[in-house]
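Here's model.cif, which has mmCIF, C-alpha atoms and all ligand atoms:
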data_query
#
loop_
_atom_site.label_atom_id
_atom_site.label_comp_id
_atom_site.auth_asym_id
_atom_site.auth_seq_id
_atom_site.Cartn_x
_atom_site.Cartn_y
_atom_site.Cartn_z
CA MET A 181 -123.75 -108.28 -38.68
CA ALA A 182 -125.83 -109.71 -41.48
CA SER A 183 -124.54 -112.76 -43.30
CA THR A 184 -123.13 -112.02 -46.76
CA ASN A 185 -125.59 -114.48 -48.28
CA LEU A 186 -128.59 -112.68 -46.85
CA LEU A 187 -127.25 -109.29 -47.92
CA ALA A 188 -126.64 -110.64 -51.41
CA GLU A 189 -130.22 -111.96 -51.64
CA LEU A 190 -131.54 -108.56 -50.61
CA LYS A 191 -129.13 -106.29 -52.48
CA ASP A 192 -131.90 -104.83 -54.68
CA PHE A 193 -133.52 -103.40 -51.56
CA ALA A 194 -130.47 -101.54 -50.25
CA ASP A 195 -132.39 -98.20 -50.30
CA PHE A 196 -134.67 -99.31 -47.49
CA MET A 197 -132.52 -101.94 -45.80
CA GLN A 198 -130.34 -101.65 -42.68
CA SER A 199 -128.11 -104.38 -41.39
CA GLY A 200 -127.64 -104.67 -37.62
CA ALA A 201 -130.39 -102.11 -36.95
CA PRO A 202 -131.35 -101.62 -33.28
CA LEU A 203 -134.88 -102.88 -32.58
CA ALA A 204 -135.25 -101.68 -28.99
CA PRO A 205 -136.64 -98.25 -30.01
CA PHE A 206 -139.39 -100.01 -31.96
CA THR A 207 -140.63 -102.05 -28.99
CA GLN A 208 -142.59 -101.06 -25.89
CA LEU A 209 -140.04 -102.61 -23.52
CA LYS A 210 -137.21 -100.67 -25.26
CA ILE A 211 -134.74 -103.50 -24.73
CA GLY A 212 -133.11 -106.22 -26.80
CA GLY A 213 -130.55 -106.44 -29.57
CA PRO A 214 -130.51 -105.58 -33.29
CA ALA A 215 -132.10 -107.15 -36.34
CA GLU A 216 -129.76 -108.97 -38.66
CA VAL A 217 -131.59 -107.06 -41.39
CA LEU A 218 -134.35 -104.46 -41.02
CA LEU A 219 -136.44 -103.66 -44.09
CA GLN A 220 -138.67 -100.60 -44.08
CA PRO A 221 -140.24 -100.33 -47.53
CA ARG A 222 -141.60 -96.94 -48.58
CA SER A 223 -144.31 -98.05 -50.99
CA LEU A 224 -146.54 -101.01 -51.76
CA ALA A 225 -144.39 -101.75 -54.82
CA GLU A 226 -141.26 -102.01 -52.65
CA LEU A 227 -143.09 -104.10 -50.07
CA SER A 228 -144.48 -106.54 -52.65
CA ALA A 229 -141.10 -106.88 -54.37
CA MET A 230 -139.26 -107.65 -51.14
CA MET A 231 -141.95 -110.07 -49.97
CA LYS A 232 -141.88 -111.85 -53.30
CA ARG A 233 -138.11 -112.23 -52.98
CA CYS A 234 -138.48 -113.60 -49.45
CA LEU A 235 -141.16 -116.06 -50.55
CA ASP A 236 -139.31 -117.13 -53.72
CA ARG A 237 -136.02 -117.69 -51.90
CA GLN A 238 -137.66 -119.04 -48.74
CA LEU A 239 -136.19 -116.29 -46.61
CA GLY A 240 -138.15 -116.12 -43.37
CA PHE A 241 -139.25 -112.70 -42.14
CA ARG A 242 -141.05 -111.30 -39.14
CA ILE A 243 -143.26 -108.25 -39.07
CA LEU A 244 -142.82 -105.78 -36.23
CA GLY A 245 -145.67 -103.43 -35.36
CA SER A 246 -145.15 -101.22 -32.33
CA GLY A 247 -143.58 -104.12 -30.45
CA GLY A 248 -146.22 -104.16 -27.71
CA ASN A 249 -146.25 -107.92 -27.68
CA VAL A 250 -142.64 -108.68 -28.51
CA LEU A 251 -139.53 -109.26 -26.38
CA VAL A 252 -136.32 -109.18 -28.40
CA HIS A 253 -133.37 -111.28 -27.13
CA ASP A 254 -130.26 -109.33 -26.09
CA GLU A 255 -128.34 -111.02 -28.92
CA GLY A 256 -130.85 -109.66 -31.43
CA VAL A 257 -132.87 -111.43 -34.11
CA LYS A 258 -131.47 -113.51 -36.96
CA GLY A 259 -133.01 -112.94 -40.37
CA ILE A 260 -135.32 -110.25 -41.67
CA ILE A 261 -137.51 -107.88 -39.72
CA LEU A 262 -140.07 -105.92 -41.67
CA ARG A 263 -141.67 -102.67 -40.47
CA LEU A 264 -144.56 -100.80 -42.03
CA GLY A 265 -143.65 -97.41 -40.59
CA ALA A 266 -143.61 -95.42 -43.87
CA PRO A 267 -146.51 -93.02 -44.64
CA ALA A 268 -147.71 -95.38 -47.39
CA PHE A 269 -148.74 -97.84 -44.66
CA THR A 270 -149.98 -95.50 -41.93
CA GLN A 271 -152.70 -93.58 -43.78
CA ILE A 272 -156.11 -93.18 -42.22
CA THR A 273 -159.18 -92.03 -44.16
CA SER A 274 -162.90 -92.09 -43.51
CA GLU A 275 -166.11 -91.71 -45.41
CA GLY A 276 -169.49 -91.82 -43.72
CA SER A 277 -169.26 -94.45 -41.01
CA ARG A 278 -166.40 -96.36 -42.68
CA LEU A 279 -162.82 -95.81 -41.57
CA SER A 280 -159.81 -97.27 -43.37
CA ALA A 281 -156.36 -97.52 -41.82
CA GLY A 282 -153.01 -98.85 -42.98
CA GLY A 283 -151.49 -101.81 -41.15
CA GLY A 284 -148.74 -99.59 -39.74
CA ALA A 285 -151.09 -96.88 -38.38
CA THR A 286 -151.16 -96.71 -34.60
CA LEU A 287 -154.34 -97.37 -32.65
CA ALA A 288 -153.87 -93.95 -31.04
CA ALA A 289 -153.89 -92.22 -34.45
CA VAL A 290 -156.92 -94.23 -35.59
CA ILE A 291 -158.88 -93.36 -32.44
CA ALA A 292 -157.91 -89.68 -32.79
CA HIS A 293 -159.08 -89.67 -36.43
CA ALA A 294 -162.33 -91.44 -35.56
CA THR A 295 -163.08 -88.98 -32.76
CA HIS A 296 -162.31 -85.98 -34.96
CA HIS A 297 -164.73 -87.31 -37.58
CA GLY A 298 -167.49 -88.18 -35.11
CA LEU A 299 -167.02 -91.94 -35.38
CA THR A 300 -167.55 -94.06 -32.31
CA GLY A 301 -166.80 -97.68 -31.32
CA LEU A 302 -163.08 -97.92 -30.74
CA GLU A 303 -163.00 -95.91 -27.48
CA SER A 304 -162.40 -98.94 -25.26
CA LEU A 305 -159.05 -99.50 -27.03
CA VAL A 306 -157.73 -96.11 -25.92
CA GLY A 307 -154.31 -96.27 -24.28
CA LEU A 308 -153.47 -99.67 -25.71
CA PRO A 309 -150.14 -99.59 -27.56
CA GLY A 310 -150.27 -101.12 -31.01
CA THR A 311 -150.53 -100.77 -34.75
CA ILE A 312 -153.56 -101.86 -36.74
CA GLY A 313 -151.57 -104.88 -38.04
CA GLY A 314 -150.50 -106.07 -34.57
CA ALA A 315 -153.81 -105.22 -32.91
CA LEU A 316 -155.77 -107.12 -35.55
CA LEU A 317 -153.49 -110.13 -35.54
CA LEU A 318 -153.91 -110.41 -31.76
CA ASN A 319 -157.51 -109.20 -31.79
CA ALA A 320 -156.58 -106.66 -29.11
CA GLY A 321 -159.16 -105.53 -26.61
CA ASP A 322 -160.56 -106.21 -23.20
CA ARG A 323 -163.42 -108.23 -21.77
CA ASN A 324 -166.02 -105.80 -23.13
CA SER A 325 -164.93 -105.41 -26.73
CA ASP A 326 -162.22 -106.25 -29.21
CA ILE A 327 -161.02 -104.64 -32.41
CA GLY A 328 -162.25 -107.54 -34.56
CA GLN A 329 -165.90 -106.75 -34.03
CA PHE A 330 -165.58 -103.49 -35.98
CA VAL A 331 -163.70 -104.90 -38.98
CA ARG A 332 -165.56 -105.15 -42.26
CA ARG A 333 -162.72 -106.21 -44.54
CA VAL A 334 -158.94 -106.30 -44.64
CA ASP A 335 -156.41 -106.07 -47.43
CA VAL A 336 -153.55 -108.54 -47.14
CA LEU A 337 -150.52 -109.69 -49.06
CA ASP A 338 -151.06 -113.37 -49.76
CA ASN A 339 -148.57 -116.22 -50.12
CA GLN A 340 -147.65 -114.96 -53.60
CA ALA A 341 -147.13 -111.38 -52.30
CA ALA A 342 -150.29 -110.27 -54.18
CA VAL A 343 -152.86 -107.92 -52.66
CA GLN A 344 -156.13 -109.64 -51.75
CA THR A 345 -159.21 -108.42 -49.97
CA ARG A 346 -160.65 -110.65 -47.23
CA GLU A 347 -164.22 -109.90 -46.24
CA HIS A 348 -165.41 -110.06 -42.65
CA ASP A 349 -166.95 -113.52 -43.20
CA GLU A 350 -163.57 -114.93 -44.25
CA LEU A 351 -161.91 -113.83 -40.99
CA ARG A 352 -162.25 -115.47 -37.63
CA PHE A 353 -161.70 -113.37 -34.53
CA THR A 354 -161.09 -115.31 -31.31
CA SER A 355 -160.17 -114.18 -27.81
CA THR A 356 -156.50 -114.86 -28.55
CA GLY A 357 -156.20 -113.56 -32.09
CA THR A 358 -157.41 -113.45 -35.65
CA ILE A 359 -157.18 -116.51 -37.83
CA LEU A 360 -155.54 -115.20 -40.97
CA ASP A 361 -153.84 -117.45 -43.50
CA ASP A 362 -151.98 -114.61 -45.21
CA PRO A 363 -148.54 -113.47 -44.10
CA LEU A 364 -149.16 -109.70 -44.00
CA LEU A 365 -151.99 -107.40 -43.08
CA LEU A 366 -151.86 -104.33 -45.28
CA SER A 367 -154.89 -102.33 -44.15
CA ALA A 368 -158.32 -102.68 -42.60
CA GLU A 369 -161.72 -101.11 -43.05
CA PHE A 370 -163.85 -100.58 -39.95
CA LYS A 371 -167.58 -100.00 -39.70
CA LEU A 372 -168.24 -97.56 -36.88
CA GLU A 373 -171.25 -95.58 -35.66
CA THR A 374 -171.61 -91.82 -35.86
CA ASP A 375 -171.97 -89.62 -32.80
CA ARG A 376 -171.16 -86.09 -31.61
CA ALA A 377 -167.44 -85.54 -31.11
CA GLU A 378 -167.98 -84.15 -27.58
CA THR A 379 -169.87 -87.28 -26.54
CA ILE A 380 -167.11 -89.49 -27.94
CA VAL A 381 -164.47 -87.45 -26.10
CA LYS A 382 -166.37 -87.97 -22.83
CA ARG A 383 -166.44 -91.73 -23.41
CA LEU A 384 -162.76 -91.68 -24.32
CA ARG A 385 -161.88 -89.89 -21.08
CA LYS A 386 -163.84 -92.42 -19.05
CA ALA A 387 -162.26 -95.38 -20.88
CA TRP A 388 -158.79 -93.83 -20.49
CA ILE A 389 -159.23 -93.35 -16.72
CA GLN A 390 -160.50 -96.91 -16.28
CA TYR A 391 -157.70 -98.38 -18.41
CA LYS A 392 -154.90 -96.36 -16.83
CA ALA A 393 -156.03 -97.19 -13.28
CA THR A 394 -154.93 -100.79 -13.75
CA GLN A 395 -151.87 -100.24 -15.97
CA PRO A 396 -148.23 -99.64 -15.11
CA TYR A 397 -147.40 -95.92 -14.99
CA SER A 398 -146.99 -94.28 -18.41
CA TYR A 399 -143.31 -93.48 -17.75
CA GLN A 400 -142.56 -97.18 -17.23
CA ALA A 401 -141.62 -99.36 -20.22
CA SER A 402 -143.75 -102.45 -19.79
CA ALA A 403 -145.27 -105.54 -21.34
CA ARG A 404 -148.23 -107.77 -20.61
CA ILE A 405 -146.66 -111.18 -20.17
CA PHE A 406 -149.06 -114.14 -19.79
CA LYS A 407 -152.32 -115.31 -21.30
CA ASN A 408 -155.12 -115.89 -18.84
CA PRO A 409 -155.40 -119.65 -18.33
CA PRO A 410 -158.93 -120.93 -19.16
CA GLY A 411 -161.33 -119.70 -16.47
CA LEU A 412 -158.51 -118.08 -14.48
CA ASN A 413 -156.80 -114.72 -14.28
CA ALA A 414 -153.02 -114.68 -14.64
CA ALA A 415 -152.65 -111.46 -12.61
CA VAL A 416 -154.61 -112.91 -9.66
CA LEU A 417 -152.50 -116.10 -9.67
CA ILE A 418 -149.27 -114.07 -9.70
CA GLU A 419 -150.55 -111.75 -6.96
CA GLN A 420 -151.31 -114.75 -4.75
CA THR A 421 -147.74 -116.00 -5.03
CA GLY A 422 -146.63 -112.76 -3.40
CA LEU A 423 -144.43 -111.77 -6.33
CA ILE A 424 -145.79 -108.24 -6.82
CA GLY A 425 -142.88 -105.80 -6.90
CA THR A 426 -140.28 -108.60 -7.16
CA LYS A 427 -137.22 -107.61 -9.15
CA VAL A 428 -134.70 -109.56 -11.19
CA GLY A 429 -131.94 -107.23 -12.32
CA ALA A 430 -133.76 -104.18 -13.64
CA ALA A 431 -137.03 -106.01 -14.45
CA GLN A 432 -139.88 -105.97 -11.95
CA VAL A 433 -143.37 -107.40 -11.54
CA SER A 434 -145.53 -104.28 -11.82
CA GLU A 435 -146.96 -103.04 -8.54
CA ARG A 436 -150.09 -101.90 -10.37
CA HIS A 437 -150.92 -105.05 -12.34
CA ALA A 438 -149.22 -108.37 -11.62
CA ASN A 439 -149.42 -109.59 -15.22
CA TYR A 440 -147.13 -106.78 -16.38
CA ILE A 441 -143.36 -106.63 -16.17
CA VAL A 442 -141.88 -103.15 -16.05
CA VAL A 443 -138.24 -102.39 -16.76
CA GLU A 444 -135.84 -99.69 -15.64
CA GLY A 445 -132.93 -98.23 -17.57
CA GLY A 446 -130.18 -100.79 -18.07
CA ALA A 447 -132.59 -103.75 -18.09
CA THR A 448 -131.82 -106.65 -20.38
CA ALA A 449 -134.04 -109.18 -22.07
CA ARG A 450 -132.28 -111.75 -19.88
CA ASP A 451 -133.59 -109.98 -16.75
CA VAL A 452 -137.13 -110.20 -18.14
CA LEU A 453 -136.74 -113.86 -19.10
CA ARG A 454 -135.39 -114.78 -15.67
CA LEU A 455 -138.29 -112.98 -14.02
CA ILE A 456 -140.73 -114.81 -16.32
CA ASP A 457 -139.16 -118.14 -15.25
CA LEU A 458 -139.47 -117.22 -11.59
CA ILE A 459 -143.16 -116.29 -11.97
CA ARG A 460 -143.93 -119.46 -13.90
CA THR A 461 -142.19 -121.67 -11.36
CA ARG A 462 -143.97 -120.04 -8.42
CA VAL A 463 -147.40 -120.27 -10.06
CA GLN A 464 -146.75 -123.87 -11.12
CA ASN A 465 -145.62 -124.89 -7.62
CA ARG A 466 -148.47 -123.18 -5.84
CA PHE A 467 -151.43 -123.73 -8.20
CA HIS A 468 -150.22 -126.45 -10.60
CA VAL A 469 -151.06 -124.12 -13.45
CA GLU A 470 -148.69 -123.60 -16.35
CA LEU A 471 -148.76 -119.98 -17.46
CA GLU A 472 -148.49 -119.56 -21.21
CA LEU A 473 -146.67 -116.55 -22.64
CA ALA A 474 -148.81 -113.88 -24.33
CA ILE A 475 -145.69 -112.07 -25.43
CA SER A 476 -143.61 -113.43 -28.33
CA VAL A 477 -139.92 -113.85 -27.63
CA TRP A 478 -137.82 -113.13 -30.74
C1 LIG B 501 -148.58 -101.54 -21.65
C2 LIG B 501 -149.29 -102.52 -22.52
C3 LIG B 501 -150.65 -102.72 -22.37
C4 LIG B 501 -151.33 -103.63 -23.18
N1 LIG B 501 -152.67 -103.78 -22.98
C5 LIG B 501 -153.34 -104.64 -23.78
C6 LIG B 501 -154.75 -104.80 -23.64
O1 LIG B 501 -155.40 -104.19 -22.80
N2 LIG B 501 -155.38 -105.66 -24.47
C7 LIG B 501 -154.71 -106.35 -25.45
O2 LIG B 501 -155.33 -107.11 -26.20
N3 LIG B 501 -153.37 -106.24 -25.59
C8 LIG B 501 -152.68 -105.40 -24.79
N4 LIG B 501 -151.32 -105.28 -24.94
C9 LIG B 501 -150.62 -106.11 -25.93
C10 LIG B 501 -150.32 -105.40 -27.28
O3 LIG B 501 -150.02 -104.05 -27.12
C11 LIG B 501 -151.46 -105.44 -28.21
O4 LIG B 501 -151.85 -106.76 -28.43
C12 LIG B 501 -151.13 -104.76 -29.56
O5 LIG B 501 -152.24 -104.87 -30.34
C13 LIG B 501 -149.93 -105.28 -30.30
O6 LIG B 501 -149.75 -104.48 -31.47
P1 LIG B 501 -148.29 -104.14 -32.01
O7 LIG B 501 -148.42 -103.28 -33.21
O8 LIG B 501 -147.46 -103.61 -30.90
O9 LIG B 501 -147.83 -105.57 -32.45
P2 LIG B 501 -146.39 -106.25 -32.24
O10 LIG B 501 -146.20 -106.54 -30.80
O11 LIG B 501 -145.34 -105.49 -32.94
O12 LIG B 501 -146.65 -107.60 -33.05
C14 LIG B 501 -147.60 -108.53 -32.55
C15 LIG B 501 -147.77 -109.65 -33.59
O13 LIG B 501 -148.43 -109.11 -34.73
C16 LIG B 501 -147.65 -109.37 -35.91
N5 LIG B 501 -147.86 -108.23 -36.83
C17 LIG B 501 -147.65 -106.91 -36.58
N6 LIG B 501 -148.01 -106.18 -37.65
C18 LIG B 501 -148.45 -107.05 -38.58
C19 LIG B 501 -148.96 -106.92 -39.93
N7 LIG B 501 -149.10 -105.72 -40.52
N8 LIG B 501 -149.31 -108.03 -40.60
C20 LIG B 501 -149.19 -109.27 -40.03
N9 LIG B 501 -148.71 -109.46 -38.79
C21 LIG B 501 -148.35 -108.36 -38.07
C22 LIG B 501 -146.22 -109.48 -35.40
O14 LIG B 501 -145.42 -110.21 -36.31
C23 LIG B 501 -146.43 -110.19 -34.09
O15 LIG B 501 -146.58 -111.57 -34.30
C24 LIG B 501 -150.62 -104.37 -24.15
C25 LIG B 501 -149.25 -104.18 -24.30
C26 LIG B 501 -148.58 -103.28 -23.50
C27 LIG B 501 -147.11 -103.08 -23.71
#
Would you kindly transcribe this structure into structure tokens?
Amino acid sequence: MASTNLLAELKDFADFMQSGAPLAPFTQLKIGGPAEVLLQPRSLAELSAMMKRCLDRQLGFRILGSGGNVLVHDEGVKGIILRLGAPAFTQITSEGSRLSAGGGATLAAVIAHATHHGLTGLESLVGLPGTIGGALLLNAGDRNSDIGQFVRRVDVLDNQAAVQTREHDELRFTSTGTILDDPLLLSAEFKLETDRAETIVKRLRKAWIQYKATQPYSYQASARIFKNPPGLNAAVLIEQTGLIGTKVGAAQVSERHANYIVVEGGATARDVLRLIDLIRTRVQNRFHVELELAISVW
């Protein structure tokens, strides 16, 4: 349950606030406990007001996208979780070769829109779970391309909860994420190329087949766990420790890609954390390499 103090600080936002809200349905692993408080504003005005309150009163908050990179503890998360799931934050529009998408729009919806409007570039991101906010913050992608290369500008809420536009030159996209000094990514504009829809669909199919061949099965809830250590591949290191398929409780090292943990019904965050410890210890003992988590544990 939320503390009375926190509820009192947020009482003006009761219309879009839930205390003790389950977070598991909003994550890809579908496990973990509730949020002390979940805020899901319905408009920019509501979002700015609640962010201003948080900043003024120094109330920490975390933003949850589609939870592709988040593991929530079984006990849940203290404090405020913010989601941009309302239509005000998931809109996608395009004009010419420019496509704009809200921070809460899913990559899948953005790619579908782009394809429908004959816009190409984002195909290699097909299949990847994520919202525009999460994907941009982590600069999601693969070895061939990342989302950052298509971004022209982003709208953010800054440290005063005011909307600001950051041009491409002000952003820095690295292999591990985007350097952004603002607390919230509101929307992004992408510069794509035009092409025939049928040609884009063909490329999408090819990218989908390639991506899915190395991923856990679609029916499995899963998460990509470790960063690749410099010059090394986390999956290869894990494979060589013989841990593929190893289970702890209802969490298992994926048989299709060793850097993924898949979970069965009844799994707990504790199962996943124990499996992570086991993998780390084995890799450390065998290769003297310390695997760093890619996933955030909340
Ligand atoms: C099966 C599977 C396959 C994956 N494959 C890949 C892959 O091939 N390549 C890859 O790069 N990643 C991959 N990932 C990791 C992950 O899905 C992506 O990085 C994705 O972009 C995360 O987006 P999200 O919306 O789920 O973010 P979340 O996991 O919800 O959040 C990630 C971070 O972004 C922050 N955030 C979210 N929204 C906003 C916002 N609007 N403003 C500011 N901060 C925000 C969160 O606070 C958090 O710190 C995979 C994950 C899974 C589960």
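Counting only C-alpha atoms, region 221-238 of chain A has the following residues at most 10 Å away, ignoring those fewer than 3 positions along the same chain: Glu189, Leu190, Asp192, Phe193, Asp195, Phe196, Met197, Leu218, Phe241, Ile260, Leu262, Arg263, Leu264, Gly265, Ala266, Pro267, Ala268, Phe269, Leu337, Asp338, Asn339, Gln340, Ala341, Ala342, Val343, Pro363, Leu364 and Leu366 of chain A.
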Just to confirm, what's the straight-line distance from CA of Leu412 (chain A) to CA of Lys427 (chain A) in Å (one decimal)?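 CA of Lys427 (chain A) lies at a distance of 24.3 Å from CA of Leu412 (chain A).
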Counting only C-alpha atoms and all ligand atoms, the residue among A:Arg454, A:Arg242, A:His296, A:Lys191 that lies closest to ligand LIG 501 (chain B) is A:Arg242
Kindly indicate which residue among A:Gly298, A:Gly422, A:Pro410, A:Pro205 lies nearest to ligand LIG 501 (chain B), using only C-alpha atoms and all ligand atoms for the distances. A:Pro205
Compute the set of protein, DNA and RNA residues whose minimum atom distance to ligand LIG 501 (chain B) is at most 6 Å, using all atoms listed in the file, and state it as an MDAnalysis selection string. chainID A and resid 208 242:250 283 308:311 313:315 317:318 320:322 363:366 402:404
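For the atom pair formed by CA of Val443 (chain A) and CA of Lys407 (chain A), the distance is 19.6 Å, given to one decimal.
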For a quick check of understanding, using only C-alpha atoms, which of A:Gln329, A:Asn408, A:Gln220, A:Thr461 has the smallest distance to Ala438 (chain A)?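 Checking each candidate against Ala438 (chain A), we get A:Asn408 as the closest.
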Which residue, A:Leu299, A:Ala401, A:Val336, A:Ile424, has the smallest gap to Thr207 (chain A) when you use all atoms listed in the file? A:Ala401
